[in-house]
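As stored in query-v1.cif (mmCIF, C-alpha atoms and all ligand atoms):
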data_coords
loop_
_atom_site.label_atom_id
_atom_site.label_comp_id
_atom_site.auth_asym_id
_atom_site.auth_seq_id
_atom_site.Cartn_x
_atom_site.Cartn_y
_atom_site.Cartn_z
CA MET A 1 -6.71 -6.61 -14.92
CA ALA A 2 -9.21 -5.86 -17.63
CA LYS A 3 -8.17 -3.75 -20.51
CA SER A 4 -10.80 -1.09 -20.71
CA ASP A 5 -8.29 1.71 -20.54
CA VAL A 6 -7.61 1.43 -24.21
CA LYS A 7 -5.36 4.00 -25.78
CA ALA A 8 -6.95 6.33 -28.25
CA PRO A 9 -6.96 4.98 -31.78
CA ALA A 10 -4.77 6.45 -34.46
CA LYS A 11 -7.30 8.90 -35.82
CA GLU A 12 -5.95 11.60 -33.58
CA LYS A 13 -6.13 14.42 -36.10
CA GLU A 14 -9.81 14.00 -36.79
CA ALA A 15 -10.52 13.64 -33.12
CA ARG A 16 -8.67 16.83 -32.36
CA SER A 17 -10.74 18.83 -34.76
CA ALA A 18 -13.76 17.26 -33.20
CA SER A 19 -13.16 18.71 -29.80
CA GLU A 20 -10.61 21.45 -29.75
CA ASN A 21 -12.45 24.17 -31.53
CA GLY A 22 -15.31 23.65 -29.12
CA LYS A 23 -17.96 23.18 -31.80
CA ALA A 24 -17.10 19.89 -33.42
CA THR A 25 -18.94 16.90 -34.72
CA PRO A 26 -21.95 18.03 -36.67
CA ALA A 27 -25.00 15.89 -36.15
CA SER A 28 -25.01 14.86 -39.78
CA SER A 29 -21.72 12.99 -39.46
CA LYS A 30 -23.33 9.81 -38.36
CA SER A 31 -26.47 9.53 -40.41
CA ASP A 32 -29.54 9.09 -38.23
CA ILE A 33 -28.20 9.46 -34.69
CA THR A 34 -28.89 12.79 -33.03
CA VAL A 35 -26.28 14.66 -31.03
CA ALA A 36 -28.34 14.07 -27.91
CA GLU A 37 -28.17 10.32 -28.45
CA LYS A 38 -24.45 10.49 -29.12
CA LEU A 39 -23.91 12.36 -25.89
CA VAL A 40 -26.04 9.88 -23.98
CA GLU A 41 -23.95 7.02 -25.34
CA LEU A 42 -20.74 8.86 -24.60
CA TYR A 43 -21.77 9.75 -21.08
CA ARG A 44 -22.88 6.15 -20.55
CA LEU A 45 -19.39 5.04 -21.54
CA GLN A 46 -17.86 7.57 -19.16
CA HIS A 47 -20.11 6.33 -16.38
CA ILE A 48 -18.91 2.73 -16.93
CA ASP A 49 -15.27 3.69 -17.27
CA SER A 50 -15.43 5.76 -14.08
CA GLN A 51 -16.63 2.68 -12.21
CA VAL A 52 -13.63 0.76 -13.51
CA ASP A 53 -11.39 3.65 -12.41
CA LYS A 54 -12.93 3.55 -8.95
CA ILE A 55 -12.27 -0.17 -8.56
CA ARG A 56 -8.68 0.31 -9.61
CA THR A 57 -8.19 3.23 -7.27
CA GLN A 58 -9.58 1.23 -4.36
CA ARG A 59 -7.29 -1.66 -5.07
CA GLY A 60 -4.44 0.62 -6.12
CA GLU A 61 -3.59 1.68 -2.58
CA LEU A 62 -4.08 -1.64 -0.85
CA PRO A 63 -1.19 -3.54 -2.44
CA LEU A 64 1.10 -0.71 -1.37
CA GLU A 65 -0.21 -0.81 2.18
CA VAL A 66 0.28 -4.57 2.24
CA GLN A 67 3.81 -4.15 0.90
CA ASP A 68 4.64 -1.55 3.54
CA LEU A 69 3.36 -3.80 6.30
CA GLU A 70 5.29 -6.77 4.93
CA ASP A 71 8.47 -4.71 4.99
CA GLU A 72 7.79 -3.50 8.51
CA VAL A 73 7.04 -7.02 9.81
CA ALA A 74 10.20 -8.35 8.13
CA GLY A 75 12.23 -5.56 9.75
CA LEU A 76 10.75 -6.29 13.17
CA GLU A 77 11.47 -9.99 12.71
CA THR A 78 15.13 -9.27 11.95
CA ARG A 79 15.37 -7.04 15.00
CA LEU A 80 13.69 -9.64 17.17
CA ASN A 81 16.08 -12.37 15.98
CA LYS A 82 19.05 -10.14 16.71
CA LEU A 83 17.78 -9.41 20.20
CA GLN A 84 17.18 -13.10 20.81
CA ASP A 85 20.74 -13.90 19.71
CA GLU A 86 22.10 -11.27 22.07
CA LEU A 87 20.00 -12.68 24.88
CA THR A 88 21.22 -16.21 24.20
CA GLU A 89 24.80 -14.92 24.17
CA MET A 90 24.31 -13.31 27.59
CA GLU A 91 22.70 -16.41 29.02
CA THR A 92 25.61 -18.48 27.74
CA GLN A 93 27.95 -16.10 29.56
CA VAL A 94 26.03 -16.65 32.80
CA THR A 95 26.22 -20.43 32.34
CA ASP A 96 29.97 -20.17 31.68
CA LYS A 97 30.52 -18.15 34.83
CA ASN A 98 28.45 -20.60 36.87
CA ASN A 99 30.59 -23.44 35.56
CA LEU A 100 33.67 -21.45 36.46
CA ILE A 101 32.37 -21.05 40.02
CA LYS A 102 31.65 -24.78 40.22
CA ASP A 103 35.16 -25.57 39.05
CA ALA A 104 36.69 -23.09 41.49
CA LYS A 105 34.76 -24.60 44.37
CA ALA A 106 35.96 -28.05 43.38
CA GLN A 107 39.50 -26.72 43.25
CA ILE A 108 39.13 -25.19 46.72
CA LYS A 109 37.90 -28.51 48.09
CA LYS A 110 40.89 -30.23 46.52
CA TYR A 111 43.35 -27.67 48.00
CA GLU A 112 41.77 -27.90 51.43
CA ALA A 113 42.06 -31.69 51.35
CA GLN A 114 45.70 -31.29 50.38
CA GLN A 115 46.25 -28.82 53.21
CA ALA A 116 45.28 -31.53 55.69
CA LYS A 117 48.12 -33.67 54.45
CA VAL A 118 50.92 -31.10 54.06
CA ARG A 119 54.16 -31.51 55.98
CA ASN A 120 55.43 -27.94 56.18
CA ASN A 121 54.22 -24.35 56.40
CA ARG A 122 55.50 -23.39 52.99
CA GLU A 123 53.25 -25.92 51.26
CA TYR A 124 50.36 -24.94 53.50
CA ASP A 125 50.75 -21.25 52.69
CA SER A 126 51.05 -21.96 49.02
CA LEU A 127 47.75 -23.86 49.10
CA THR A 128 46.15 -21.07 51.10
CA LYS A 129 47.14 -18.64 48.33
CA GLU A 130 45.58 -20.94 45.74
CA VAL A 131 42.35 -21.05 47.75
CA GLU A 132 42.36 -17.26 48.07
CA PHE A 133 42.88 -16.95 44.37
CA GLN A 134 39.97 -19.28 43.60
CA ASN A 135 37.79 -17.34 46.02
CA LEU A 136 38.65 -14.15 44.18
CA GLU A 137 37.77 -15.87 40.91
CA ILE A 138 34.40 -16.85 42.39
CA GLN A 139 33.73 -13.31 43.59
CA LEU A 140 34.57 -11.87 40.22
CA ALA A 141 32.40 -14.43 38.42
CA GLU A 142 29.51 -13.67 40.79
CA LYS A 143 29.88 -9.98 40.07
CA ARG A 144 29.82 -10.65 36.32
CA ILE A 145 26.75 -12.89 36.70
CA LYS A 146 24.94 -10.16 38.62
CA GLU A 147 25.76 -7.62 35.91
CA ALA A 148 24.75 -10.00 33.12
CA LYS A 149 21.47 -10.82 34.85
CA ALA A 150 20.59 -7.14 35.07
CA GLN A 151 21.36 -6.77 31.36
CA ILE A 152 19.33 -9.87 30.58
CA ASP A 153 16.32 -8.43 32.42
CA GLY A 154 16.61 -5.22 30.42
CA LYS A 155 17.02 -7.13 27.18
CA LYS A 156 14.05 -9.35 27.95
CA ALA A 157 11.87 -6.28 28.40
CA VAL A 158 13.00 -4.99 24.99
CA VAL A 159 12.34 -8.41 23.44
CA GLU A 160 8.84 -8.47 24.91
CA GLU A 161 8.15 -5.00 23.61
CA SER A 162 9.46 -5.84 20.15
CA LYS A 163 7.54 -9.07 20.08
CA ALA A 164 4.30 -7.29 21.00
CA ARG A 165 4.85 -4.74 18.23
CA HIS A 166 5.75 -7.46 15.77
CA ASP A 167 2.65 -9.49 16.61
CA GLU A 168 0.45 -6.43 16.35
CA ARG A 169 1.79 -5.40 12.94
CA LYS A 170 1.59 -8.99 11.73
CA LYS A 171 -2.07 -9.04 12.68
CA ASP A 172 -2.58 -5.77 10.77
CA LEU A 173 -0.82 -7.31 7.80
CA GLU A 174 -3.06 -10.36 7.82
CA ILE A 175 -6.15 -8.16 7.95
CA LYS A 176 -4.95 -5.96 5.07
CA ARG A 177 -3.87 -8.94 3.04
CA LYS A 178 -7.27 -10.53 3.45
CA GLU A 179 -8.93 -7.24 2.56
CA LEU A 180 -6.89 -7.08 -0.62
CA ASP A 181 -7.60 -10.71 -1.50
CA ASP A 182 -11.31 -10.12 -0.91
CA ILE A 183 -11.35 -6.98 -3.03
CA VAL A 184 -9.48 -8.66 -5.83
CA ALA A 185 -11.77 -11.69 -5.69
CA GLU A 186 -14.85 -9.53 -5.39
CA THR A 187 -13.98 -6.92 -7.99
CA GLU A 188 -12.31 -9.13 -10.55
CA LYS A 189 -15.62 -10.24 -11.97
CA GLU A 190 -17.14 -6.78 -11.67
CA GLU A 191 -14.17 -5.27 -13.44
CA LYS A 192 -14.36 -7.79 -16.25
CA ASP A 193 -18.11 -7.22 -16.62
CA LEU A 194 -17.58 -3.46 -16.72
CA ALA A 195 -14.81 -3.83 -19.28
CA LYS A 196 -17.20 -5.79 -21.47
CA LYS A 197 -19.91 -3.18 -20.98
CA SER A 198 -17.43 -0.46 -21.83
CA GLU A 199 -16.55 -2.26 -25.04
CA VAL A 200 -20.21 -2.60 -25.98
CA ALA A 201 -20.96 1.02 -25.11
CA ALA A 202 -17.95 2.18 -27.16
CA LYS A 203 -19.36 0.44 -30.23
CA HIS A 204 -22.30 2.83 -30.23
CA ILE A 205 -20.02 5.82 -30.54
CA GLU A 206 -18.53 7.09 -33.76
CA GLU A 207 -14.81 6.71 -33.97
CA ARG A 208 -13.72 10.34 -33.96
CA LEU A 209 -15.80 11.16 -30.93
CA LEU A 210 -14.58 8.03 -29.19
CA SER A 211 -10.93 8.81 -29.83
CA ALA A 212 -11.49 12.38 -28.64
CA TYR A 213 -13.04 10.98 -25.49
CA HIS A 214 -10.09 8.64 -24.90
CA ARG A 215 -7.61 11.42 -25.50
CA ILE A 216 -9.29 13.88 -23.14
CA ARG A 217 -9.73 11.15 -20.55
CA SER A 218 -6.12 10.08 -20.64
CA ASN A 219 -4.99 13.68 -20.17
CA ALA A 220 -7.31 14.25 -17.25
CA ARG A 221 -6.09 13.28 -13.81
CA ASN A 222 -9.48 12.06 -12.68
CA GLY A 223 -10.10 10.10 -15.88
CA LEU A 224 -13.07 12.27 -16.82
CA GLY A 225 -13.51 13.01 -20.52
CA VAL A 226 -17.22 13.81 -20.36
CA VAL A 227 -18.62 15.84 -17.51
CA ALA A 228 -21.95 17.29 -16.51
CA VAL A 229 -22.62 20.98 -16.17
CA GLU A 230 -23.12 21.53 -12.46
CA ARG A 231 -24.66 24.79 -11.23
CA GLY A 232 -23.42 26.59 -14.31
CA SER A 233 -19.87 25.26 -14.03
CA CYS A 234 -17.83 22.55 -15.71
CA GLY A 235 -17.99 19.35 -13.66
CA GLY A 236 -14.38 18.65 -14.53
CA CYS A 237 -12.47 21.87 -13.87
CA PHE A 238 -15.23 23.82 -12.08
CA ASN A 239 -14.80 26.92 -14.19
CA SER A 240 -18.05 28.68 -14.92
CA ILE A 241 -19.67 28.30 -18.31
CA PRO A 242 -21.13 31.37 -20.03
CA PRO A 243 -24.95 31.34 -20.24
CA GLN A 244 -24.96 31.22 -24.05
CA ARG A 245 -22.70 28.19 -24.00
CA GLN A 246 -24.95 26.53 -21.44
CA LEU A 247 -27.86 27.07 -23.83
CA ASP A 248 -25.82 25.53 -26.66
CA ILE A 249 -25.11 22.50 -24.50
CA SER A 250 -28.80 22.06 -23.65
CA SER A 251 -29.85 22.43 -27.26
CA HIS A 252 -27.95 19.26 -28.22
CA LYS A 253 -27.16 20.64 -31.69
CA LYS A 254 -23.47 19.91 -31.43
CA VAL A 255 -20.85 18.49 -29.10
CA ILE A 256 -19.57 21.26 -26.83
CA VAL A 257 -16.35 21.15 -24.86
CA CYS A 258 -15.24 23.19 -21.85
CA GLU A 259 -13.24 26.25 -22.90
CA HIS A 260 -10.89 25.74 -19.97
CA CYS A 261 -10.20 22.02 -19.74
CA GLY A 262 -11.44 20.69 -23.08
CA ARG A 263 -13.77 18.13 -21.52
CA ILE A 264 -16.97 17.31 -23.36
CA LEU A 265 -19.93 18.83 -21.55
CA VAL A 266 -23.39 17.34 -21.09
CA ASP A 267 -26.54 18.68 -19.46
CA ASP A 268 -28.96 17.19 -16.93
CA TYR A 269 -31.03 15.57 -19.65
CA VAL A 270 -28.09 13.39 -20.70
CA VAL A 271 -27.11 12.65 -17.11
CA GLU A 272 -30.66 11.60 -16.24
CA ARG A 273 -30.91 9.37 -19.30
CA VAL A 274 -27.77 7.51 -18.28
CA LYS A 275 -28.64 7.38 -14.57
CA SER A 276 -32.06 5.94 -15.34
CA GLY A 277 -30.52 3.46 -17.73
CA LYS A 278 -32.58 4.56 -20.75
ZN ZN B 1 -13.68 22.33 -17.67
#
Can you dump the structure from the file as structure tokens?
Ligand SMILES: [Zn+2]
Amino acid sequence: MAKSDVKAPAKEKEARSASENGKATPASSKSDITVAEKLVELYRLQHIDSQVDKIRTQRGELPLEVQDLEDEVAGLETRLNKLQDELTEMETQVTDKNNLIKDAKAQIKKYEAQQAKVRNNREYDSLTKEVEFQNLEIQLAEKRIKEAKAQIDGKKAVVEESKARHDERKKDLEIKRKELDDIVAETEKEEKDLAKKSEVAAKHIEERLLSAYHRIRSNARNGLGVVAVERGSCGGCFNSIPPQRQLDISSHKKVIVCEHCGRILVDDYVVERVKSGK
């Protein structure tokens, strides 16, 4: 980050008198430079600083968006892992029940083989009961498997859904992250260049006017310390400017500030000079 957003220097008191009474800074204060030239330099500085502000605003929201997406993707990942664990648990249950069935069937075979060799009815009946019991075990296990399989199908659908959402958000995240990287890479140089330009432009402005500018700018939400008169109104707060005051602004005899918001006002002449780069 470049440091063009310098805090106003210590000469606050002087600066205050320069802007608050609305007349301020007589032309004679800096030898040979006219008020018009001062305003051109000041508006040029504002123009540069506003570009820096714009870059920062653009970037300012992206890191937050990236952060939000990162959080969301992480949350979806956690949820997905939990669902997967639950699914694995259910599948393990099915495997266990299948093993139980296998064992029961083996037991039944063993009992039936024994039944062929028994010598009395009591032993035979006892083995029959064992077989019945194992058959009941098998039926119960089959019922549980059926239930678990239905749950597994439901769970799989939820996993699929979550996975789709996760993948989608992850894709969004990658796009946003790249966008941010690109903007940072792209604007880093621009921002540094602008900061340098701002520094150079500031050197052309007398200190008290400069500190007034910084003070007004830092108090203004949109970072505007110098604004143009637009259709008879202040370009900062949009309150209308009395005709006499508009004439004073155009006459470039002194620095005029808005009665309502305290921003320094410039006319079309100054705006055009800066826009045309002269
Ligand atoms: Zn205003």
Notebook entry, point to check: Near Asn99 (chain A), within 12 Å and counting only C-alpha atoms, which residues show up once chain neighbours fewer than 5 positions away are dropped, as a PyMOL selection string?
Noted result: chain A and resi 92-94+104-106+137-138+141-142+145
Those residues with C-alpha atoms, as a PDB file, in the frame of the given file please?
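Output contents, as saved in selection.pdb:
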ATOM      1  CA  THR A  92      25.610 -18.480  27.740  1.00  0.00           C
ATOM      2  CA  GLN A  93      27.950 -16.100  29.560  1.00  0.00           C
ATOM      3  CA  VAL A  94      26.030 -16.650  32.800  1.00  0.00           C
ATOM      4  CA  ALA A 104      36.690 -23.090  41.490  1.00  0.00           C
ATOM      5  CA  LYS A 105      34.760 -24.600  44.370  1.00  0.00           C
ATOM      6  CA  ALA A 106      35.960 -28.050  43.380  1.00  0.00           C
ATOM      7  CA  GLU A 137      37.770 -15.870  40.910  1.00  0.00           C
ATOM      8  CA  ILE A 138      34.400 -16.850  42.390  1.00  0.00           C
ATOM      9  CA  ALA A 141      32.400 -14.430  38.420  1.00  0.00           C
ATOM     10  CA  GLU A 142      29.510 -13.670  40.790  1.00  0.00           C
ATOM     11  CA  ILE A 145      26.750 -12.890  36.700  1.00  0.00           C
TER      12      ILE A 145
END
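The list of residues with at least one atom within 7 Å of Leu224 (chain A), based on only C-alpha atoms and without residues fewer than 4 positions apart in the same chain, reads Arg217, Ala220 and Gly236 of chain A.
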Next item on the list: Name all residues at most 12 Å from Pro243 (chain A) (count only C-alpha atoms; drop same-chain ones fewer than 6 positions away) and give them as a PyMOL selection string.
Entry: chain A and resi 229+231-233+249-250
Include C-alpha atoms and write out the residues we just selected as a CSV table (one decimal), in the coordinates of the input.
chain,number,residue,atom,x,y,z
A,229,VAL,CA,-22.6,21.0,-16.2
A,231,ARG,CA,-24.7,24.8,-11.2
A,232,GLY,CA,-23.4,26.6,-14.3
A,233,SER,CA,-19.9,25.3,-14.0
A,249,ILE,CA,-25.1,22.5,-24.5
A,250,SER,CA,-28.8,22.1,-23.6
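Residues of protein or nucleic acid lying within 8 Å of ligand ZN 1 (chain B), counting only C-alpha atoms and all ligand atoms, are Ser233, Cys234, Gly235, Gly236, Cys237, Phe238, Asn239, Val257, Cys258, Glu259, His260, Cys261, Gly262 and Arg263 of chain A.
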Note to self: Need the shell around Val40 (chain A): protein/DNA/RNA residues with any atom at most 8 Å away, counting only C-alpha atoms. Skip same-chain ones fewer than 3 positions apart. Format as an NGL selection string?
What the structure shows: :A and (36-37 or 43-44 or 270-271 or 273-274)
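As for CA of Gln46 (chain A) and CA of Gly60 (chain A), they are spaced 20.0 Å apart.
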Contacts of Thr78 (chain A) at 12 Å (only C-alpha atoms; same-chain gap of 4+ positions) as a short mmCIF file (atom, residue, chain, number, x, y, z; two decimals) with C-alpha atoms, keeping the file's coordinate frame:
data_model
loop_
_atom_site.label_atom_id
_atom_site.label_comp_id
_atom_site.auth_asym_id
_atom_site.auth_seq_id
_atom_site.Cartn_x
_atom_site.Cartn_y
_atom_site.Cartn_z
CA ASP A 71 8.47 -4.71 4.99
CA GLU A 72 7.79 -3.50 8.51
CA VAL A 73 7.04 -7.02 9.81
CA ALA A 74 10.20 -8.35 8.13
CA LYS A 82 19.05 -10.14 16.71
CA LEU A 83 17.78 -9.41 20.20
CA GLN A 84 17.18 -13.10 20.81
CA ASP A 85 20.74 -13.90 19.71
CA VAL A 159 12.34 -8.41 23.44
CA SER A 162 9.46 -5.84 20.15
CA LYS A 163 7.54 -9.07 20.08
CA HIS A 166 5.75 -7.46 15.77
#
Could I see region 211-225 of chain A restored to N, CA and C atoms, set down as an mmCIF file, in the coordinates of the input?
data_model
loop_
_atom_site.group_PDB
_atom_site.id
_atom_site.type_symbol
_atom_site.label_atom_id
_atom_site.label_comp_id
_atom_site.auth_asym_id
_atom_site.auth_seq_id
_atom_site.Cartn_x
_atom_site.Cartn_y
_atom_site.Cartn_z
ATOM 1 N N SER A 211 -12.369 8.568 -30.022
ATOM 2 C CA SER A 211 -10.930 8.810 -29.830
ATOM 3 C C SER A 211 -10.703 10.142 -29.112
ATOM 4 N N ALA A 212 -11.590 11.114 -29.375
ATOM 5 C CA ALA A 212 -11.490 12.380 -28.640
ATOM 6 C C ALA A 212 -11.718 12.124 -27.155
ATOM 7 N N TYR A 213 -12.720 11.326 -26.882
ATOM 8 C CA TYR A 213 -13.040 10.980 -25.490
ATOM 9 C C TYR A 213 -11.825 10.328 -24.810
ATOM 10 N N HIS A 214 -11.234 9.346 -25.479
ATOM 11 C CA HIS A 214 -10.090 8.640 -24.900
ATOM 12 C C HIS A 214 -8.907 9.595 -24.666
ATOM 13 N N ARG A 215 -8.733 10.489 -25.627
ATOM 14 C CA ARG A 215 -7.610 11.420 -25.500
ATOM 15 C C ARG A 215 -7.815 12.377 -24.319
ATOM 16 N N ILE A 216 -9.008 12.944 -24.234
ATOM 17 C CA ILE A 216 -9.290 13.880 -23.140
ATOM 18 C C ILE A 216 -9.165 13.155 -21.790
ATOM 19 N N ARG A 217 -9.734 11.960 -21.769
ATOM 20 C CA ARG A 217 -9.730 11.150 -20.550
ATOM 21 C C ARG A 217 -8.307 10.826 -20.078
ATOM 22 N N SER A 218 -7.479 10.462 -21.037
ATOM 23 C CA SER A 218 -6.120 10.080 -20.640
ATOM 24 C C SER A 218 -5.302 11.275 -20.172
ATOM 25 N N ASN A 219 -5.704 12.470 -20.628
ATOM 26 C CA ASN A 219 -4.990 13.680 -20.170
ATOM 27 C C ASN A 219 -5.507 14.198 -18.839
ATOM 28 N N ALA A 220 -6.701 13.735 -18.470
ATOM 29 C CA ALA A 220 -7.310 14.250 -17.250
ATOM 30 C C ALA A 220 -6.919 13.392 -16.057
ATOM 31 N N ARG A 221 -6.564 14.029 -14.978
ATOM 32 C CA ARG A 221 -6.090 13.280 -13.810
ATOM 33 C C ARG A 221 -7.174 12.375 -13.231
ATOM 34 N N ASN A 222 -8.406 12.861 -13.261
ATOM 35 C CA ASN A 222 -9.480 12.060 -12.680
ATOM 36 C C ASN A 222 -10.143 11.124 -13.687
ATOM 37 N N GLY A 223 -9.565 11.026 -14.870
ATOM 38 C CA GLY A 223 -10.100 10.100 -15.880
ATOM 39 C C GLY A 223 -11.439 10.532 -16.460
ATOM 40 N N LEU A 224 -11.790 11.800 -16.295
ATOM 41 C CA LEU A 224 -13.070 12.270 -16.820
ATOM 42 C C LEU A 224 -12.887 12.966 -18.167
ATOM 43 N N GLY A 225 -13.541 12.408 -19.192
ATOM 44 C CA GLY A 225 -13.510 13.010 -20.520
ATOM 45 C C GLY A 225 -14.822 13.703 -20.824
#
